[in-house]
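Okay, input-v8.txt now, which holds compact mmCIF, C-alpha atoms and all ligand atoms:
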```
# COMPACT_ATOMS: atom_id res chain seq x y z
CA MET A 1 -2.74 -5.86 -3.62
CA CYS A 2 0.78 -5.77 -2.64
CA ARG A 3 2.42 -6.06 0.74
CA HIS A 4 4.88 -3.55 2.11
CA LEU A 5 7.04 -2.85 5.17
CA ALA A 6 9.16 -0.05 6.59
CA TRP A 7 11.73 0.02 9.39
CA LEU A 8 13.07 3.02 11.32
CA GLY A 9 15.49 2.44 14.17
CA SER A 10 18.94 0.98 14.79
CA PRO A 11 20.63 -0.42 11.69
CA ARG A 12 19.33 -3.83 10.60
CA THR A 13 20.30 -5.91 7.61
CA LEU A 14 17.99 -6.24 4.62
CA GLY A 15 18.12 -9.98 5.25
CA GLU A 16 16.82 -9.53 8.81
CA LEU A 17 14.04 -7.23 7.65
CA LEU A 18 12.87 -8.84 4.39
CA LEU A 19 14.01 -12.44 4.20
CA GLU A 20 14.36 -13.93 7.68
CA PRO A 21 11.06 -13.17 9.50
CA ALA A 22 8.78 -16.23 9.67
CA HIS A 23 6.07 -14.31 7.78
CA GLY A 24 8.23 -11.58 6.25
CA LEU A 25 8.00 -10.12 2.76
CA LEU A 26 9.73 -13.14 1.26
CA VAL A 27 7.03 -15.46 2.63
CA GLN A 28 4.33 -12.87 1.93
CA SER A 29 5.34 -12.98 -1.75
CA TYR A 30 3.85 -16.49 -1.97
CA ALA A 31 1.81 -16.92 1.25
CA PRO A 32 0.50 -13.64 2.69
CA ARG A 33 -1.71 -14.14 5.75
CA ARG A 34 -4.03 -11.14 5.55
CA GLN A 35 -4.19 -10.19 1.92
CA ALA A 36 -7.75 -9.44 0.79
CA HIS A 37 -7.10 -8.88 -2.93
CA GLY A 38 -4.91 -11.32 -4.86
CA ARG A 39 -3.29 -14.48 -3.53
CA ILE A 40 0.42 -14.08 -4.26
CA ASN A 41 2.82 -11.19 -4.88
CA ALA A 42 5.00 -12.45 -7.69
CA ASP A 43 5.02 -9.45 -10.06
CA GLY A 44 8.19 -7.85 -8.77
CA TRP A 45 9.56 -6.35 -5.61
CA GLY A 46 11.70 -3.47 -4.46
CA VAL A 47 13.57 -1.99 -1.54
CA GLY A 48 14.76 1.53 -0.73
CA PHE A 49 17.29 2.15 2.05
CA PHE A 50 19.35 5.00 3.44
CA ALA A 51 23.13 4.93 3.86
CA PRO A 52 24.95 7.20 6.36
CA GLY A 53 26.12 10.48 4.84
CA ARG A 54 23.88 10.23 1.79
CA PRO A 55 20.43 11.79 2.14
CA GLU A 56 19.00 10.17 -1.00
CA PRO A 57 17.87 6.56 -0.71
CA ALA A 58 19.42 3.71 -2.68
CA ARG A 59 16.93 1.46 -4.47
CA TRP A 60 16.93 -2.09 -5.76
CA ARG A 61 13.86 -3.10 -7.76
CA SER A 62 13.00 -6.07 -9.92
CA SER A 63 10.14 -7.34 -12.07
CA ARG A 64 10.74 -10.88 -10.83
CA PRO A 65 9.40 -12.59 -7.69
CA LEU A 66 11.44 -11.92 -4.57
CA TRP A 67 11.86 -15.67 -4.00
CA SER A 68 13.70 -16.03 -7.33
CA ASP A 69 16.33 -13.37 -6.60
CA ALA A 70 19.35 -15.40 -5.53
CA SER A 71 21.77 -12.48 -5.91
CA PHE A 72 19.73 -10.32 -3.54
CA ALA A 73 19.52 -13.20 -1.06
CA SER A 74 23.31 -13.38 -1.16
CA VAL A 75 23.96 -9.67 -0.44
CA ALA A 76 20.95 -8.91 1.81
CA PRO A 77 22.65 -10.22 4.99
CA VAL A 78 25.53 -7.74 4.59
CA ILE A 79 23.59 -4.54 3.75
CA SER A 80 22.47 -2.67 6.88
CA ALA A 81 20.37 0.45 7.18
CA ALA A 82 18.58 2.42 9.88
CA CYS A 83 15.68 3.15 7.55
CA VAL A 84 14.33 0.70 4.99
CA LEU A 85 11.13 0.51 2.92
CA ALA A 86 10.30 -2.57 0.85
CA ALA A 87 7.38 -4.03 -1.11
CA VAL A 88 6.35 -7.15 -3.00
CA ARG A 89 3.95 -6.62 -5.90
CA SER A 90 0.81 -8.19 -7.28
CA ALA A 91 0.14 -6.14 -10.41
CA SER A 92 -3.37 -4.73 -10.84
CA ALA A 93 -5.20 -5.64 -14.07
CA GLY A 94 -3.85 -3.76 -17.07
CA MET A 95 -0.77 -2.39 -15.33
CA PRO A 96 2.74 -2.76 -16.78
CA ALA A 97 4.91 -5.59 -15.54
CA ASP A 98 8.39 -4.11 -15.77
CA GLU A 99 10.73 -2.96 -13.01
CA THR A 100 9.75 0.73 -13.28
CA ALA A 101 6.23 -0.19 -12.09
CA ALA A 102 7.57 -1.84 -8.92
CA ALA A 103 7.62 0.15 -5.66
CA PRO A 104 9.27 1.97 -4.09
CA PHE A 105 8.94 5.05 -6.25
CA GLN A 106 11.31 7.88 -5.46
CA GLN A 107 11.64 11.61 -5.54
CA GLY A 108 14.56 13.29 -3.76
CA GLN A 109 14.77 11.86 -0.25
CA TRP A 110 11.36 10.21 -0.38
CA VAL A 111 10.51 6.64 -1.29
CA LEU A 112 6.91 5.46 -1.50
CA SER A 113 4.95 2.25 -1.88
CA HIS A 114 1.25 1.96 -2.68
CA ASN A 115 -0.78 -1.09 -1.82
CA GLY A 116 -4.04 -0.79 -3.71
CA VAL A 117 -5.62 0.60 -6.82
CA VAL A 118 -6.72 4.02 -8.02
CA ASP A 119 -8.49 5.32 -11.12
CA ARG A 120 -5.81 7.15 -13.09
CA LEU A 121 -8.43 9.35 -14.78
CA ILE A 122 -9.25 11.13 -11.54
CA LEU A 123 -5.55 11.86 -10.97
CA GLY A 124 -4.78 13.11 -14.46
CA PRO A 125 -1.55 12.20 -16.27
CA HIS A 126 1.77 13.13 -14.67
CA ALA A 127 4.77 13.50 -16.96
CA ALA A 128 7.31 12.98 -14.16
CA ALA A 129 5.84 9.63 -13.03
CA GLU A 130 8.27 6.70 -13.24
CA SER A 131 5.67 4.50 -14.94
CA VAL A 132 2.11 4.65 -16.28
CA CYS A 133 1.21 2.25 -13.45
CA ASP A 134 -1.51 3.75 -11.22
CA SER A 135 0.75 3.60 -8.16
CA ALA A 136 3.57 5.48 -9.91
CA GLN A 137 1.11 8.16 -11.06
CA LEU A 138 -0.27 8.43 -7.54
CA ALA A 139 3.27 8.74 -6.14
CA ALA A 140 4.16 11.52 -8.59
CA HIS A 141 1.03 13.49 -7.65
CA LEU A 142 1.74 13.07 -3.93
CA PHE A 143 5.36 14.15 -4.36
CA ASP A 144 4.02 17.39 -5.90
CA PHE A 145 1.34 17.82 -3.24
CA GLY A 146 3.83 17.31 -0.42
CA PRO A 147 4.69 13.89 0.99
CA GLU A 148 4.29 15.19 4.56
CA ARG A 149 0.62 15.78 3.72
CA ALA A 150 -0.03 12.14 2.73
CA GLY A 151 -3.07 11.87 5.01
CA GLU A 152 -4.76 14.91 3.50
CA PHE A 153 -3.91 13.64 0.01
CA VAL A 154 -5.40 10.19 0.61
CA ALA A 155 -8.59 11.64 2.10
CA ASP A 156 -8.99 13.88 -0.94
CA VAL A 157 -8.29 11.15 -3.55
CA GLY A 158 -10.54 8.77 -1.59
CA LYS A 159 -13.43 11.21 -1.87
CA ARG A 160 -12.93 11.63 -5.60
CA ASP A 161 -12.50 7.87 -6.23
CA PRO A 162 -14.67 5.96 -3.73
CA GLY A 163 -13.51 2.62 -5.18
CA ALA A 164 -9.85 3.40 -4.54
CA ARG A 165 -7.71 1.45 -2.09
CA LEU A 166 -5.08 3.87 -0.85
CA ASN A 167 -2.64 2.16 1.48
CA LEU A 168 0.49 4.27 1.24
CA LEU A 169 3.83 3.78 2.95
CA LEU A 170 6.53 6.41 2.61
CA THR A 171 9.71 7.59 4.26
CA ASP A 172 12.45 10.18 3.89
CA GLY A 173 14.89 8.33 6.13
CA ASN A 174 13.78 10.13 9.32
CA ARG A 175 10.05 9.64 9.36
CA ILE A 176 7.59 6.96 8.27
CA LEU A 177 4.09 7.87 7.12
CA ALA A 178 1.51 5.18 6.37
CA THR A 179 -2.18 5.24 5.53
CA ARG A 180 -4.69 2.47 5.91
CA TRP A 181 -7.48 2.91 3.38
CA HIS A 182 -9.32 -0.34 2.55
CA ASP A 183 -6.66 -2.92 3.36
CA THR A 184 -4.67 -3.95 6.46
CA LEU A 185 -1.90 -2.18 8.40
CA SER A 186 0.01 -3.14 11.54
CA VAL A 187 2.75 -1.63 13.69
CA LEU A 188 5.42 -3.16 15.93
CA ARG A 189 7.56 -1.20 18.36
CA THR A 190 10.67 -3.08 19.45
CA ASN A 191 13.47 -2.01 21.79
CA ASP A 192 15.41 -0.48 18.92
CA GLY A 193 12.90 0.72 16.39
CA VAL A 194 9.50 0.60 14.73
CA VAL A 195 8.13 -1.59 11.93
CA VAL A 196 5.08 -0.48 9.94
CA ALA A 197 3.75 -3.19 7.62
CA SER A 198 0.70 -4.39 5.68
CA GLU A 199 0.62 -7.38 8.02
CA PRO A 200 2.67 -8.72 10.96
CA ASP A 201 5.81 -10.49 9.75
CA ASP A 202 6.00 -12.73 12.81
CA ASP A 203 3.89 -13.65 15.83
CA ASP A 204 5.42 -11.13 18.26
CA PRO A 205 2.57 -10.18 20.65
CA ARG A 206 3.62 -6.52 20.52
CA TRP A 207 2.17 -6.07 17.00
CA PHE A 208 -0.97 -3.95 16.96
CA ASP A 209 -3.44 -3.28 14.15
CA ILE A 210 -4.30 0.16 12.81
CA PRO A 211 -8.02 0.74 12.09
CA ASP A 212 -9.17 1.51 8.55
CA HIS A 213 -9.06 5.16 7.44
CA HIS A 214 -6.15 6.08 9.70
CA LEU A 215 -2.71 7.63 9.31
CA VAL A 216 0.41 6.45 11.16
CA ASP A 217 3.26 8.91 11.62
CA VAL A 218 6.53 7.64 13.12
CA GLN A 219 9.06 10.31 14.00
CA ALA A 220 11.70 10.76 16.71
CA GLY A 221 10.64 7.56 18.43
CA GLU A 222 6.98 8.61 18.65
CA ILE A 223 4.07 6.89 16.91
CA ALA A 224 1.08 9.15 16.18
CA ILE A 225 -2.16 7.66 14.85
CA THR A 226 -4.87 9.92 13.46
CA HIS A 227 -8.24 9.37 11.84
CA LEU A 228 -8.62 10.34 8.19
CA GLU A 229 -11.79 12.06 7.05
CA GLU A 230 -13.86 9.71 4.84
N1 LIG A 301 -1.97 -0.94 -8.49
C1 LIG A 301 -0.60 -1.26 -8.20
C2 LIG A 301 0.06 -2.11 -9.26
O1 LIG A 301 -0.54 -2.51 -10.20
C3 LIG A 301 -0.45 -1.90 -6.84
C4 LIG A 301 -1.08 -3.23 -6.84
C5 LIG A 301 -1.23 -3.83 -5.51
O2 LIG A 301 -1.35 -3.20 -4.46
N2 LIG A 301 -1.31 -5.10 -5.55
O3 LIG A 301 1.19 -2.38 -9.13
```

If you convert what's in this file into structure tokens, what do you get?
Amino acid sequence: MCRHLAWLGSPRTLGELLLEPAHGLLVQSYAPRRQAHGRINADGWGVGFFAPGRPEPARWRSSRPLWSDASFASVAPVISAACVLAAVRSASAGMPADETAAAPFQQGQWVLSHNGVVDRLILGPHAAAESVCDSAQLAAHLFDFGPERAGEFVADVGKRDPGARLNLLLTDGNRILATRWHDTLSVLRTNDGVVVASEPDDDDPRWFDIPDHHLVDVQAGEIAITHLEE
């Protein structure tokens, strides 16, 4: 399983969000605290972020471990964004190892990360997917279905593939949607924004855990949590 994180609020640097937290994605790439499947996340990483005046996100992805990316570590402290989504990857068995298989996947304004595994046969092939990786296929199908309907999509795929782990995290720059479906998910509201992440990236007591089979929807400063039909 991978680990992912999204931020929506006042601008923060990519360094503050990914590299500096005591248990942030950088540390989670080699020492996650709550990961149930896989021990490290060294099969690539990626970040999508939104710049003022440009609706489409910018992306930086890599097939290498986040800890080995010295160039990113150098620029991360000077890139700020009000909305950021990032992931570190532990590739599932049989999945490709190149950069195109690393989240976030993108279509238009949306970027998406998937922490988990899904049977590609139940999805059917998708020609527009960025990779044959299960997560990229899942992303392409959700982009068609409607990213705003991520909860409905996960409940449906979960019924058709009971072994699937469907922890999705997606944003269009104004809204974060996240599902917890057989892994962990936590939320932190600070004075200037909201973090949604696979696991807390520090020991701030304001973190709270989302129960399994739930959807988190962060929009206009509000956090809505709803149960997903199993
Ligand atoms: N199945 C996806 C992949 O192979 C995601 C894996 C994960 O969550 N660790 O990249």

Output the neighbourhood of ligand LIG 301 (chain A) as a compact mmCIF listing (two decimals) with C-alpha atoms, in the coordinates of the input, that is, all protein and nucleic acid residues with some atom at most 8 Å from the ligand, counting only C-alpha atoms and all ligand atoms.
```
# COMPACT_ATOMS: atom_id res chain seq x y z
CA MET A 1 -2.74 -5.86 -3.62
CA CYS A 2 0.78 -5.77 -2.64
CA ARG A 3 2.42 -6.06 0.74
CA HIS A 37 -7.10 -8.88 -2.93
CA GLY A 38 -4.91 -11.32 -4.86
CA ASN A 41 2.82 -11.19 -4.88
CA ARG A 89 3.95 -6.62 -5.90
CA SER A 90 0.81 -8.19 -7.28
CA ALA A 91 0.14 -6.14 -10.41
CA SER A 92 -3.37 -4.73 -10.84
CA ALA A 93 -5.20 -5.64 -14.07
CA GLY A 94 -3.85 -3.76 -17.07
CA MET A 95 -0.77 -2.39 -15.33
CA PRO A 96 2.74 -2.76 -16.78
CA ALA A 101 6.23 -0.19 -12.09
CA ALA A 102 7.57 -1.84 -8.92
CA ALA A 103 7.62 0.15 -5.66
CA HIS A 114 1.25 1.96 -2.68
CA ASN A 115 -0.78 -1.09 -1.82
CA GLY A 116 -4.04 -0.79 -3.71
CA VAL A 117 -5.62 0.60 -6.82
CA VAL A 118 -6.72 4.02 -8.02
CA CYS A 133 1.21 2.25 -13.45
CA ASP A 134 -1.51 3.75 -11.22
CA SER A 135 0.75 3.60 -8.16
```

Margin query: List the spatial neighbours of Arg33 (chain A) as a list in words - criterion: any atom at most 10 Å away, all atoms listed in the file, same-chain residues fewer than 3 positions off excluded.
Written below: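 Contacts, in chain order: His23, Val27, Gln28, Tyr30, Ala36, Arg39, Glu199, Pro200 and Asp201 of chain A.
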
Exercise: Ala139 (chain A) partners within 8 Å, only C-alpha atoms, chain neighbours under 5 positions left out, as a short mmCIF file (atom, residue, chain, number, x, y, z; two decimals) with C-alpha atoms, in the frame of the given file:
```
data_model
loop_
_atom_site.label_atom_id
_atom_site.label_comp_id
_atom_site.auth_asym_id
_atom_site.auth_seq_id
_atom_site.Cartn_x
_atom_site.Cartn_y
_atom_site.Cartn_z
CA PHE A 105 8.94 5.05 -6.25
CA LEU A 112 6.91 5.46 -1.50
CA SER A 113 4.95 2.25 -1.88
CA HIS A 114 1.25 1.96 -2.68
CA ALA A 129 5.84 9.63 -13.03
#
```

Next item on the list: Write out as a VMD selection string which residues come within 9 Å of region 182-190 of chain A when counting only C-alpha atoms, dropping same-chain ones fewer than 6 positions away.
Entry: chain A and resid 1 34 to 37 115 to 116 164 to 167 196 to 200 204 to 213 216 223

Each residue of region 152-195 of chain A lying at most 10 Å from region 50-67 of chain A should get a row with its shortest atom-to-atom pair and the distance in Å to one decimal, counting only C-alpha atoms; could you produce that, ordered by chain and increasing number, as a tab-separated table?
```
residue	atom	partner	partner_atom	distance
A:Thr171	CA	A:Pro57	CA	9.6
A:Asp172	CA	A:Pro57	CA	8.0
A:Gly173	CA	A:Phe50	CA	6.2
A:Asn174	CA	A:Phe50	CA	9.6
```

Item checked: Contacts of region 225-230 of chain A at 8 Å (all atoms listed in the file; same-chain gap of 3+ positions) as a list in words ->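 Non-adjacent residues within range: Gly151, Glu152, Ala155, Gly158, Lys159, His213, His214, Leu215, Val216 and Asp217 of chain A.
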
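Atom pair CA of Val194 (chain A) / CA of Thr179 (chain A): separated by 15.6 Å.
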
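Of the listed residues (A:Leu5, A:Pro11, A:Ser71, A:Asp192), A:Leu5 comes nearest to Leu168 (chain A); the distances count all atoms listed in the file.
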